[in-house]
Amino acid sequence: MILPKAANLTVYPDAVELAAVVAQRIAALIAQSIAARGVCRIALAGGSTPHRCYEQLSSLPVDWPRVQIYFGDERCLPVGAAGRNDEMARRSLLQRVELPAANVHAVAAELGAVRAAADYAARLKAALPLDIVLLGMGEDGHTASLFPGNPALQSEDAAVAVFDAPKPPPERVSLSLATLNAARHKLFLVAGAGKREALARIAQGEALPAAQITAAEWHLDQDAIPAKPI
Ligand code: 6PG
């Protein structure tokens with residue numbers, strides 16, 4: 001299978017192996033960023049796929065005080081709500097490592113998408129380009145909170161307010177395509193048979209949001225690979 005704009009594609013036997021190997025890859029990229037620039041600015045992916053990878057990453061030797069944590073997107077839910085992407089990251093990674101609280105740059109999504117996106121865009125300015133962006137992909141080919149046909153895809157701002165998201169909650173904040181694509185390293189983590197159709201559509205040239213991320217490393221488990229060859 002070939003994904004048109006991918007830098008490379010690696011298929012793992014299962015989601016456990018994917019999580020373990022990608023955690024090592026992330027740790028190596030963090031070390032590379034710190035060696036080059038004295039800091040690593042990484043945007044974490046939301047959803048459920050990265051959870052296991054983050055747990056694996058939390059046990060690897062990383063110079064956490066030199067890591068600045070951002071989020072690829074956030075759901076407009078109250079602070080501490082179980083469904084927030086920053087909560088998943090806290091449970092699986094951030095509260096397991098020696099990371100200064102000031103290094104975690106959460107999206108103030110509880111303020112509502114418009115205010116939170118403007119606030120995040122302002123806070124991101126000094127941090128761009130990001131060193132690493134971790135991304136998931138939805139069954140419709142969305143990534144971060146950039147959904148097919150949503151006006152947020154056209155934004156030139158650093159972060160963008162999202163409304164009418166088909167994956168609840170409807171209101172979100174996302175890094176823009178421009179911000180995601182400007183990152184030095186972009187890694188997709190995609191697992192499960194539910195992602196086969198979107199991957200097949202991307203392999204056939206459909207410009208789904210995830211397909212618009214350029215030069216990314218795609219890390220897939222075998223289950224996500226479409227059944228019939230493309
Ligand atoms: C979200 C995520 C979203 C996620 C994909 C894949 O807020 O849900 O940011 O982009 O990465 O929907 O989600 P799963 O990993 O749960 O399949």
# chains A, B, ... in the order shown; residues from 1 in each chain; ligands from 1
>>> select_by_dssp(residues="segment 6-223 of chain A", states="helix (DSSP H, G or I)", output="JSON, numbers by chain")
{"A": [15, 16, 17, 18, 19, 20, 21, 22, 23, 24, 25, 26, 27, 28, 29, 30, 31, 32, 33, 34, 35, 36, 37, 50, 51, 52, 53, 54, 55, 56, 57, 64, 65, 66, 85, 86, 87, 88, 89, 90, 91, 92, 94, 95, 96, 101, 102, 103, 109, 110, 111, 113, 114, 115, 116, 117, 118, 119, 120, 121, 122, 123, 124, 125, 126, 127, 151, 152, 153, 154, 177, 178, 179, 180, 181, 182, 193, 194, 195, 196, 197, 198, 199, 200, 201, 202, 203, 209, 210, 211, 212, 222, 223]}
>>> closest_atom_pairs(of="chain A", to="ligand 1", cutoff="10 Å", atoms="only C-alpha atoms and all ligand atoms", output="Markdown table")
| residue | atom | partner | partner_atom_place_in_ligand_line | distance |
| --- | --- | --- | --- | --- |
| A:Leu44 | CA | ligand 1 | 9 (O) | 8.9 |
| A:Ala45 | CA | ligand 1 | 11 (O) | 5.7 |
| A:Gly46 | CA | ligand 1 | 9 (O) | 3.9 |
| A:Gly47 | CA | ligand 1 | 16 (O) | 3.7 |
| A:Ser48 | CA | ligand 1 | 16 (O) | 3.7 |
| A:Thr49 | CA | ligand 1 | 15 (O) | 3.6 |
| A:Pro50 | CA | ligand 1 | 15 (O) | 6.4 |
| A:His51 | CA | ligand 1 | 15 (O) | 8.4 |
| A:Phe71 | CA | ligand 1 | 9 (O) | 8.8 |
| A:Gly72 | CA | ligand 1 | 9 (O) | 6.8 |
| A:Asp73 | CA | ligand 1 | 9 (O) | 5.5 |
| A:Glu74 | CA | ligand 1 | 7 (O) | 6.1 |
| A:Arg75 | CA | ligand 1 | 7 (O) | 6.0 |
| A:Cys76 | CA | ligand 1 | 7 (O) | 9.8 |
| A:Gly83 | CA | ligand 1 | 7 (O) | 8.5 |
| A:Arg84 | CA | ligand 1 | 7 (O) | 7.7 |
| A:Asn85 | CA | ligand 1 | 7 (O) | 6.3 |
| A:Asp86 | CA | ligand 1 | 7 (O) | 9.8 |
| A:Leu134 | CA | ligand 1 | 11 (O) | 8.9 |
| A:Leu135 | CA | ligand 1 | 11 (O) | 5.9 |
| A:Gly136 | CA | ligand 1 | 11 (O) | 3.5 |
| A:Met137 | CA | ligand 1 | 6 (C) | 4.5 |
| A:Gly138 | CA | ligand 1 | 12 (O) | 3.9 |
| A:Glu139 | CA | ligand 1 | 12 (O) | 7.2 |
| A:Asp140 | CA | ligand 1 | 12 (O) | 8.5 |
| A:Gly141 | CA | ligand 1 | 12 (O) | 8.4 |
| A:His142 | CA | ligand 1 | 10 (O) | 6.2 |
| A:Thr143 | CA | ligand 1 | 10 (O) | 4.3 |
| A:Ala144 | CA | ligand 1 | 10 (O) | 3.6 |
| A:Ser145 | CA | ligand 1 | 10 (O) | 5.2 |
| A:Leu146 | CA | ligand 1 | 10 (O) | 7.5 |
| A:Phe147 | CA | ligand 1 | 10 (O) | 8.6 |
| A:Ala165 | CA | ligand 1 | 7 (O) | 9.7 |
| A:Lys167 | CA | ligand 1 | 8 (O) | 7.0 |
| A:Pro168 | CA | ligand 1 | 8 (O) | 8.1 |
| A:Pro169 | CA | ligand 1 | 7 (O) | 8.5 |
| A:Arg172 | CA | ligand 1 | 7 (O) | 8.0 |
| A:Val173 | CA | ligand 1 | 7 (O) | 9.2 |
| A:Ser174 | CA | ligand 1 | 9 (O) | 8.2 |
| A:Phe188 | CA | ligand 1 | 11 (O) | 9.0 |
| A:Leu189 | CA | ligand 1 | 15 (O) | 7.8 |
| A:Val190 | CA | ligand 1 | 15 (O) | 7.0 |
| A:Ala191 | CA | ligand 1 | 17 (O) | 7.3 |
| A:Gly192 | CA | ligand 1 | 17 (O) | 7.9 |
| A:Gly194 | CA | ligand 1 | 17 (O) | 8.1 |
| A:Lys195 | CA | ligand 1 | 17 (O) | 7.9 |
| A:Ala210 | CA | ligand 1 | 10 (O) | 9.3 |
>>> write_last_selection(atoms="C-alpha atoms", output="CSV table (one decimal), in the first residue's frame")
chain,number,residue,atom,x,y,z
A,44,LEU,CA,0.5,15.0,21.5
A,45,ALA,CA,-2.4,13.2,19.7
A,46,GLY,CA,-5.7,12.6,21.3
A,47,GLY,CA,-8.2,9.8,20.9
A,48,SER,CA,-7.5,6.3,22.2
A,49,THR,CA,-4.8,4.8,20.0
A,50,PRO,CA,-1.9,6.7,21.5
A,51,HIS,CA,-2.7,5.7,25.1
A,71,PHE,CA,-1.7,19.2,22.1
A,72,GLY,CA,-2.7,18.6,18.4
A,73,ASP,CA,-6.3,19.2,19.4
A,74,GLU,CA,-8.6,19.5,22.3
A,75,ARG,CA,-12.3,18.8,22.8
A,76,CYS,CA,-14.4,21.7,24.3
A,83,GLY,CA,-13.1,12.8,27.5
A,84,ARG,CA,-10.5,15.5,27.2
A,85,ASN,CA,-7.3,14.7,25.2
A,86,ASP,CA,-5.1,16.3,27.8
A,134,LEU,CA,1.8,12.9,16.9
A,135,LEU,CA,-1.4,12.3,15.0
A,136,GLY,CA,-4.2,9.8,14.9
A,137,MET,CA,-6.6,9.3,12.1
A,138,GLY,CA,-10.4,8.8,12.4
A,139,GLU,CA,-12.5,6.4,10.4
A,140,ASP,CA,-13.5,9.2,8.1
A,141,GLY,CA,-9.9,10.3,7.5
A,142,HIS,CA,-9.9,13.2,9.9
A,143,THR,CA,-6.8,14.0,11.9
A,144,ALA,CA,-6.4,16.2,15.0
A,145,SER,CA,-9.8,17.9,14.9
A,146,LEU,CA,-9.7,18.6,11.1
A,147,PHE,CA,-12.7,16.8,9.6
A,165,ALA,CA,-17.4,18.0,14.4
A,167,LYS,CA,-17.1,13.0,16.3
A,168,PRO,CA,-18.4,14.3,19.7
A,169,PRO,CA,-18.0,16.7,21.1
A,172,ARG,CA,-13.1,21.6,19.4
A,173,VAL,CA,-9.8,23.4,19.0
A,174,SER,CA,-7.2,22.1,16.5
A,188,PHE,CA,0.7,8.9,12.5
A,189,LEU,CA,-0.3,6.1,14.8
A,190,VAL,CA,-3.1,4.2,13.2
A,191,ALA,CA,-4.5,0.9,14.4
A,192,GLY,CA,-7.6,-1.3,14.0
A,194,GLY,CA,-12.0,0.5,11.5
A,195,LYS,CA,-9.3,2.6,9.8
A,210,ALA,CA,-5.0,13.0,7.1
>>> residues_around(residues="Ala159 of chain A", least_positions_apart="5", cutoff="9 Å", atoms="only C-alpha atoms", output="PyMOL selection string")
chain A and resi 73+116-122+124+173-177+179
>>> select_by_dssp(residues="segment 26-173 of chain A", states="strand (DSSP E)", output="list in words")
Cys40, Arg41, Ile42, Ala43, Leu44, Val67, Gln68, Ile69, Tyr70, Phe71, Asp73, Glu74, Arg75, Ile132, Val133, Leu134, Leu135, Ala159, Val160, Ala161, Val162, Arg172 and Val173 of chain A
>>> write_last_selection(atoms="N, CA and C atoms", output="short mmCIF file (atom, residue, chain, number, x, y, z; two decimals), in the first residue's frame")
data_model
loop_
_atom_site.label_atom_id
_atom_site.label_comp_id
_atom_site.auth_asym_id
_atom_site.auth_seq_id
_atom_site.Cartn_x
_atom_site.Cartn_y
_atom_site.Cartn_z
N CYS A 40 12.68 20.19 23.21
CA CYS A 40 11.82 19.49 22.25
C CYS A 40 10.40 19.95 22.49
N ARG A 41 9.78 20.47 21.45
CA ARG A 41 8.38 20.91 21.51
C ARG A 41 7.55 19.88 20.75
N ILE A 42 6.72 19.15 21.47
CA ILE A 42 5.97 18.04 20.88
C ILE A 42 4.47 18.24 21.10
N ALA A 43 3.69 18.01 20.06
CA ALA A 43 2.23 18.06 20.18
C ALA A 43 1.72 16.62 20.24
N LEU A 44 0.97 16.32 21.29
CA LEU A 44 0.46 14.96 21.48
C LEU A 44 -0.87 14.77 20.73
N VAL A 67 11.45 19.04 27.70
CA VAL A 67 10.35 18.76 26.76
C VAL A 67 9.18 19.70 27.05
N GLN A 68 8.69 20.37 26.02
CA GLN A 68 7.51 21.23 26.13
C GLN A 68 6.35 20.50 25.43
N ILE A 69 5.26 20.30 26.17
CA ILE A 69 4.14 19.50 25.70
C ILE A 69 3.01 20.40 25.18
N TYR A 70 2.61 20.15 23.95
CA TYR A 70 1.44 20.82 23.36
C TYR A 70 0.44 19.73 22.98
N PHE A 71 -0.70 20.16 22.44
CA PHE A 71 -1.74 19.20 22.06
C PHE A 71 -2.19 19.48 20.63
N ASP A 73 -4.91 18.75 19.32
CA ASP A 73 -6.28 19.25 19.37
C ASP A 73 -6.86 18.99 20.76
N GLU A 74 -7.95 19.66 21.04
CA GLU A 74 -8.63 19.46 22.33
C GLU A 74 -10.12 19.58 22.11
N ARG A 75 -10.82 18.81 22.91
CA ARG A 75 -12.28 18.83 22.84
C ARG A 75 -12.81 19.87 23.81
N ILE A 132 7.96 17.88 16.96
CA ILE A 132 7.29 16.59 16.71
C ILE A 132 5.79 16.80 16.85
N VAL A 133 5.04 16.23 15.93
CA VAL A 133 3.57 16.19 16.05
C VAL A 133 3.13 14.74 15.93
N LEU A 134 2.41 14.28 16.95
CA LEU A 134 1.84 12.94 16.91
C LEU A 134 0.39 13.07 16.46
N LEU A 135 -0.04 12.18 15.60
CA LEU A 135 -1.38 12.28 15.02
C LEU A 135 -2.07 10.93 14.97
N ALA A 159 -3.80 27.98 15.31
CA ALA A 159 -4.80 27.07 15.87
C ALA A 159 -6.17 27.58 15.44
N VAL A 160 -7.13 26.67 15.37
CA VAL A 160 -8.41 27.02 14.75
C VAL A 160 -9.57 26.46 15.55
N ALA A 161 -10.65 27.24 15.61
CA ALA A 161 -11.89 26.80 16.27
C ALA A 161 -12.62 25.84 15.33
N VAL A 162 -13.13 24.75 15.87
CA VAL A 162 -13.83 23.75 15.08
C VAL A 162 -15.26 23.63 15.59
N ARG A 172 -14.51 21.98 19.14
CA ARG A 172 -13.12 21.62 19.44
C ARG A 172 -12.17 22.75 19.07
N VAL A 173 -10.90 22.52 19.43
CA VAL A 173 -9.82 23.39 18.97
C VAL A 173 -8.79 22.47 18.32
#
>>> residues_around(residues="Gln56 of chain A", least_positions_apart="5", cutoff="10 Å", atoms="only C-alpha atoms", output="VMD selection string")
chain A and resid 16 19 to 24 50 to 51 92 to 93
>>> residues_around(residues="Ser58 of chain A", least_positions_apart="2", cutoff="12 Å", atoms="only C-alpha atoms", output="PyMOL selection string")
chain A and resi 19-20+23-24+26-27+51-56+60-64+89-99
>>> residues_around(residues="Asp14 of chain A", least_positions_apart="5", cutoff="8 Å", atoms="only C-alpha atoms", output="ChimeraX atom specification")
/A:191,221-223
>>> write_last_selection(atoms="C-alpha atoms", output="short mmCIF file (atom, residue, chain, number, x, y, z; two decimals), in the first residue's frame")
data_model
loop_
_atom_site.label_atom_id
_atom_site.label_comp_id
_atom_site.auth_asym_id
_atom_site.auth_seq_id
_atom_site.Cartn_x
_atom_site.Cartn_y
_atom_site.Cartn_z
CA ALA A 191 -4.50 0.86 14.44
CA ASP A 221 -0.86 -2.16 12.73
CA GLN A 222 -1.72 -5.09 10.44
CA ASP A 223 -5.40 -4.82 11.28
#
>>> closest_residue(among="A:His185, A:Asn103, A:Thr10, A:Leu77", to="Ala28 of chain A", atoms="only C-alpha atoms")
A:His185
>>> atom_distance(atom1="atom CA of Pro4 of chain A", atom2="atom CA of Asp164 of chain A")
28.3 Å
>>> atom_distance(atom1="atom CA of Ser33 of chain A", atom2="atom CA of Lys186 of chain A")
13.3 Å
